>>> print(open('data00.tsv').read())   # TSV, C-alpha atoms
chain	number	residue	atom	x	y	z
A	48	SER	CA	50.81	108.63	55.37
A	49	SER	CA	47.81	108.00	57.57
A	50	PRO	CA	48.32	107.58	61.33
A	51	PRO	CA	48.35	104.06	62.81
A	52	SER	CA	44.95	102.55	63.58
A	53	SER	CA	45.76	101.67	67.21
A	54	PRO	CA	44.34	104.27	69.64
A	55	PRO	CA	46.91	106.74	70.96
A	56	LEU	CA	47.29	107.24	74.68
A	57	SER	CA	47.55	110.83	75.92
A	58	SER	CA	48.73	111.09	79.50
A	59	SER	CA	49.44	114.08	81.72
A	60	SER	CA	52.33	114.20	84.17
A	61	SER	CA	52.76	117.05	86.64
A	62	GLU	CA	53.54	117.88	90.25
A	63	THR	CA	50.03	117.11	91.53
A	64	ALA	CA	49.35	114.99	94.60
A	65	PRO	CA	47.14	111.90	94.31
A	66	HIS	CA	43.33	112.24	94.55
A	67	THR	CA	43.38	116.05	94.35
A	68	SER	CA	42.04	118.37	91.68
A	69	PRO	CA	44.83	120.02	89.68
A	70	PRO	CA	45.57	123.66	90.48
A	71	SER	CA	45.18	126.26	87.77
A	72	SER	CA	48.92	126.25	87.08
A	73	SER	CA	49.00	122.51	86.41
A	74	ALA	CA	48.84	122.76	82.64
A	75	PRO	CA	49.07	119.06	81.63
A	76	PRO	CA	45.93	117.87	83.51
A	77	LEU	CA	44.14	121.02	82.36
A	78	ALA	CA	44.96	120.30	78.73
A	79	VAL	CA	43.75	116.70	78.96
A	80	ALA	CA	40.60	117.73	80.89
A	81	THR	CA	39.83	120.48	78.37
A	82	LEU	CA	40.19	118.03	75.51
A	83	ALA	CA	37.94	115.52	77.27
A	84	ALA	CA	35.26	118.19	77.67
A	85	LYS	CA	35.33	118.82	73.91
A	86	THR	CA	35.45	115.17	72.86
A	87	SER	CA	32.81	112.53	72.30
A	88	LEU	CA	33.51	110.02	75.08
A	89	GLY	CA	32.45	106.39	75.29
A	90	PRO	CA	32.97	103.22	77.35
A	91	LEU	CA	36.32	101.47	77.30
A	92	PRO	CA	36.42	98.11	75.51
A	93	PRO	CA	37.73	96.20	77.38
A	94	PRO	CA	37.39	97.91	80.78
A	95	PRO	CA	40.64	99.20	82.32
A	96	PRO	CA	42.45	97.15	84.96
A	97	PRO	CA	40.77	97.37	88.38
A	98	ASN	CA	42.16	99.60	91.14
A	99	LEU	CA	44.29	101.60	88.71
A	100	LEU	CA	45.03	105.05	90.15
A	101	ALA	CA	44.01	107.10	87.13
A	102	GLU	CA	41.11	108.90	85.51
A	103	ILE	CA	40.59	107.35	82.07
A	104	ALA	CA	38.28	108.08	79.13
A	105	LEU	CA	38.05	106.87	75.56
A	106	GLY	CA	37.44	109.68	73.09
A	107	ASN	CA	36.75	109.93	69.38
A	108	LEU	CA	38.32	112.72	67.34
A	109	GLU	CA	37.04	112.85	63.76
A	110	GLY	CA	36.92	109.06	63.69
A	111	ALA	CA	40.29	108.64	65.43
A	112	PRO	CA	40.15	106.94	68.87
A	113	ILE	CA	42.15	108.44	71.73
A	114	LEU	CA	42.62	107.22	75.29
A	115	LEU	CA	42.81	110.15	77.72
A	116	VAL	CA	44.55	109.46	81.01
A	117	LYS	CA	45.23	111.51	84.14
A	118	PRO	CA	47.36	109.51	86.59
A	119	LEU	CA	46.33	109.98	90.23
A	120	THR	CA	49.62	108.66	91.57
A	121	TYR	CA	52.43	110.92	92.65
A	122	MET	CA	54.19	112.35	89.62
A	123	ASN	CA	57.32	110.25	90.10
A	124	ARG	CA	55.19	107.07	89.96
A	125	SER	CA	53.02	108.01	86.98
A	126	GLY	CA	54.97	105.75	84.62
A	127	SER	CA	53.40	102.67	86.17
A	128	VAL	CA	49.95	103.86	85.08
A	129	VAL	CA	51.12	104.55	81.53
A	130	SER	CA	52.88	101.20	81.29
A	131	VAL	CA	49.92	99.18	82.60
A	132	LEU	CA	47.49	100.86	80.19
A	133	ALA	CA	49.86	100.57	77.23
A	134	CYS	CA	50.14	96.83	77.83
A	135	HIS	CA	46.43	96.39	78.54
A	136	TYR	CA	45.34	98.13	75.34
A	137	ASN	CA	48.35	97.05	73.23
A	138	ILE	CA	49.52	100.64	72.57
A	139	PRO	CA	53.12	100.94	71.31
A	140	PRO	CA	55.42	103.68	72.71
A	141	ALA	CA	55.24	105.64	69.45
A	142	ARG	CA	51.49	106.07	70.05
A	143	ILE	CA	51.88	107.41	73.60
A	144	LEU	CA	51.85	111.19	74.02
A	145	VAL	CA	52.93	112.36	77.47
A	146	VAL	CA	51.92	115.93	78.37
A	147	PHE	CA	54.07	117.42	81.12
A	148	ASP	CA	55.00	120.72	82.70
A	149	ASP	CA	58.40	122.19	81.86
A	150	LEU	CA	60.30	124.76	83.91
A	151	ASP	CA	62.56	125.59	80.96
A	152	LEU	CA	59.72	127.00	78.86
A	153	PRO	CA	57.76	130.19	79.61
A	154	SER	CA	54.16	129.77	80.73
A	155	SER	CA	52.88	130.84	77.31
A	156	ALA	CA	54.76	128.13	75.38
A	157	VAL	CA	54.11	124.53	74.36
A	158	LYS	CA	56.51	122.32	72.41
A	159	LEU	CA	55.94	118.94	70.76
A	160	ARG	CA	58.78	116.44	70.33
A	161	ILE	CA	58.78	112.97	68.80
A	162	LYS	CA	61.37	111.64	71.26
A	163	GLY	CA	63.94	112.79	73.79
A	164	SER	CA	65.39	112.21	77.24
A	165	HIS	CA	63.52	112.80	80.50
A	166	GLY	CA	65.53	116.00	81.03
A	167	GLY	CA	65.49	115.60	84.81
A	168	HIS	CA	61.67	115.66	85.02
A	169	ASN	CA	60.69	112.97	87.51
A	170	GLY	CA	57.37	112.20	85.84
A	171	MET	CA	59.06	111.72	82.48
A	172	ARG	CA	61.80	109.71	84.16
A	173	SER	CA	59.16	107.36	85.56
A	174	VAL	CA	57.43	106.95	82.18
A	175	ALA	CA	60.75	106.34	80.40
A	176	GLU	CA	61.83	103.79	83.01
A	177	HIS	CA	58.58	101.84	82.81
A	178	ILE	CA	58.39	101.90	79.02
A	179	SER	CA	62.06	101.34	78.15
A	180	GLY	CA	63.48	99.92	81.38
A	181	ARG	CA	65.98	102.80	81.58
A	182	ASP	CA	66.06	105.79	83.90
A	183	ASP	CA	69.15	107.51	82.51
A	184	GLU	CA	69.31	110.40	80.01
A	185	SER	CA	69.01	108.13	76.97
A	186	PHE	CA	66.62	109.26	74.27
A	187	VAL	CA	63.37	107.32	74.47
A	188	ASP	CA	61.08	106.94	71.45
A	189	PHE	CA	57.72	108.16	72.67
A	190	PRO	CA	56.26	111.59	71.85
A	191	ARG	CA	55.93	114.27	74.49
A	192	LEU	CA	54.26	117.68	74.73
A	193	ARG	CA	56.05	120.17	76.96
A	194	CYS	CA	53.83	122.79	78.63
A	195	GLY	CA	55.83	125.72	79.96
A	196	VAL	CA	55.41	126.95	83.52
A	197	GLY	CA	58.54	129.11	83.71
A	198	ARG	CA	61.17	129.23	86.41
A	199	PRO	CA	60.29	129.96	90.05
A	200	PRO	CA	61.68	133.02	91.83
A	201	LYS	CA	65.09	132.56	93.39
A	202	GLY	CA	64.89	130.53	96.57
A	203	ALA	CA	61.33	129.29	95.93
A	204	SER	CA	60.40	125.63	96.22
A	205	ILE	CA	59.82	124.11	92.77
A	206	PRO	CA	56.90	121.84	93.85
A	207	ASP	CA	55.23	124.76	95.65
A	208	TYR	CA	55.79	127.00	92.64
A	209	VAL	CA	54.31	124.50	90.17
A	210	LEU	CA	51.26	124.04	92.39
A	211	THR	CA	50.49	127.76	92.74
A	212	ASN	CA	48.07	129.65	90.53
A	213	PHE	CA	49.26	131.54	87.48
A	214	SER	CA	49.62	135.27	88.05
A	215	PRO	CA	47.10	137.67	86.42
A	216	SER	CA	49.79	138.84	84.01
A	217	GLU	CA	50.28	135.24	82.81
A	218	GLU	CA	46.64	134.32	82.36
A	219	GLU	CA	46.15	135.41	78.74
A	220	GLY	CA	49.34	133.71	77.60
A	221	VAL	CA	48.42	130.56	79.51
A	222	LYS	CA	44.94	130.57	77.96
A	223	GLN	CA	46.44	130.65	74.46
A	224	ALA	CA	49.04	128.00	75.36
A	225	LEU	CA	46.31	125.72	76.70
A	226	LYS	CA	44.33	126.17	73.48
A	227	GLU	CA	47.43	125.29	71.45
A	228	ALA	CA	48.18	122.25	73.65
A	229	VAL	CA	44.67	120.87	73.06
A	230	LEU	CA	45.02	121.50	69.31
A	231	VAL	CA	48.39	119.71	69.25
A	232	ILE	CA	46.97	116.66	71.05
A	233	ARG	CA	44.03	116.53	68.63
A	234	SER	CA	46.39	116.86	65.66
A	235	VAL	CA	48.62	114.04	66.90
A	236	ALA	CA	45.60	111.76	67.39
A	237	VAL	CA	44.05	112.48	63.99
A	238	MET	CA	47.06	112.99	61.70
A	239	GLY	CA	49.97	111.35	63.51
A	240	VAL	CA	52.89	112.87	65.38
A	241	GLU	CA	55.13	113.30	62.32
A	242	LYS	CA	52.74	115.78	60.71
A	243	ALA	CA	51.91	117.48	64.00
A	244	VAL	CA	55.56	118.04	64.93
A	245	SER	CA	56.12	119.72	61.54
A	246	GLY	CA	53.51	122.31	62.47
A	247	VAL	CA	50.50	120.91	60.62
A	248	ARG	CA	47.27	121.27	62.62
A	249	ILE	CA	43.74	120.04	62.11
A	250	LYS	CA	41.01	122.65	61.95
A	251	ASP	CA	40.11	124.06	65.36
A	252	PRO	CA	36.41	123.34	65.93
>>> encode(input="data00.tsv", output="C-alpha cells")
Amino acid sequence: SSPPSSPPLSSSSSETAPHTSPPSSSAPPLAVATLAAKTSLGPLPPPPPPNLLAEIALGNLEGAPILLVKPLTYMNRSGSVVSVLACHYNIPPARILVVFDDLDLPSSAVKLRIKGSHGGHNGMRSVAEHISGRDDESFVDFPRLRCGVGRPPKGASIPDYVLTNFSPSEEEGVKQALKEAVLVIRSVAVMGVEKAVSGVRIKDP
C-alpha cells in the first residue's frame, strides 16, 4: 500500500547541548543534516510556532513531503519539540521517525523499528512521554531509527563519550552507517515504514 499522505516528521535525539553544533560522533543530527543537504527544501506552510527551540526544514523526496527537525533543547527535553510540531502540523505518531544514538549497537550499525520502549534512553523517554503521556517501559507506537555509537570504555562518562569524536578506526564504518541511516529515512518517507523495516529501500541517488 502507498504511504499516508500526511508529511512524516523525522527528528534527531542525542546527547547534544542546546545551541551547539553536533560533534562528529553525534550520528542522529548528522543523519538529518546530511539528508537536508541532499533534499529540495522549501518554506513551511504554515510557519512553525514561534520561539521553538529547534532547527526545522520542509523537504520533498520524490514527491513525498518530509519535515526535518533537530531539537536544540537538552536531549531529555526534546519530546516537547516533537509534540508541539506533531500537533501543529497534525502528524500522527505513526508518521514520526525519531533518530537517536544507541549505546547497545556498534558504531557501524543502524536499526529501524516500527515501535518499542524507550529502553532507558532519556531522549526517547521524553518523546514517548510527550506523545503517549507515559514515561515507563511500555511499547509506544512511533517508529525509531537507532544509530549505534558503541559502549564507552570502563569508567568513562557516557555523555562525555557520546560527545567525543569517532576514532580513526571507526570512521569508515560510521561513514557507511550514516549513508544507510539517510537511505532508511528516505525510504520511510517515500514508501512507508512497513516496507522500510522489511529491508526494502528506494534507489540511492
>>> residues_around(input="data00.tsv", residues="stretch 94-111 of chain A", least_positions_apart="3", cutoff="9 Å", atoms="only C-alpha atoms", output="number ranges by chain")
A: 52, 54-55, 65-66, 83, 86-91, 114-120, 128, 131-132, 135-136, 233, 236-238
>>> axis_aligned_box(input="data00.tsv", around="stretch 74-90 of chain A", padding_each_side="6 Å", output="AutoDock Vina command-line options")
--center_x 40.8 --center_y 113.0 --center_z 77.9 --size_x 28.6 --size_y 31.5 --size_z 23.2
>>> closest_residue(input="data00.tsv", among="A:Val247, A:Ala224, A:Val79, A:Ile143", to="A:Cys194", atoms="all atoms listed in the file")
A:Ala224
>>> closest_residue(input="data00.tsv", among="A:Asp188, A:Glu227, A:Glu176, A:Asp148", to="A:Leu82", atoms="all atoms listed in the file")
A:Glu227
>>> closest_residue(input="data00.tsv", among="A:Ser164, A:Ser130, A:Val187, A:Ser155", to="A:Glu218", atoms="all atoms listed in the file")
A:Ser155
>>> residues_around(input="data00.tsv", residues="A:Phe189", least_positions_apart="6", cutoff="10 Å", atoms="only C-alpha atoms", output="VMD selection string")
chain A and resid 139 to 145 160 to 164 174 to 175 178 to 179 240
>>> atom_distance(input="data00.tsv", atom1="atom CA of A:Ser173", atom2="atom CA of A:Met122")
8.1 Å
>>> atom_distance(input="data00.tsv", atom1="atom CA of A:Ser214", atom2="atom CA of A:Lys226")
18.0 Å
>>> atom_distance(input="data00.tsv", atom1="atom CA of A:Asn137", atom2="atom CA of A:Ile113")
13.1 Å
>>> closest_residue(input="data00.tsv", among="A:Gly197, A:Gly170, A:Pro92, A:Gly202", to="A:Arg124", atoms="all atoms listed in the file")
A:Gly170
>>> residues_around(input="data00.tsv", residues="A:Phe147", least_positions_apart="5", cutoff="12 Å", atoms="all atoms listed in the file", output="count of residues only")
42
>>> closest_residue(input="data00.tsv", among="A:Ala80, A:Thr211, A:Pro93, A:Val231", to="A:Ser245", atoms="only C-alpha atoms")
A:Val231
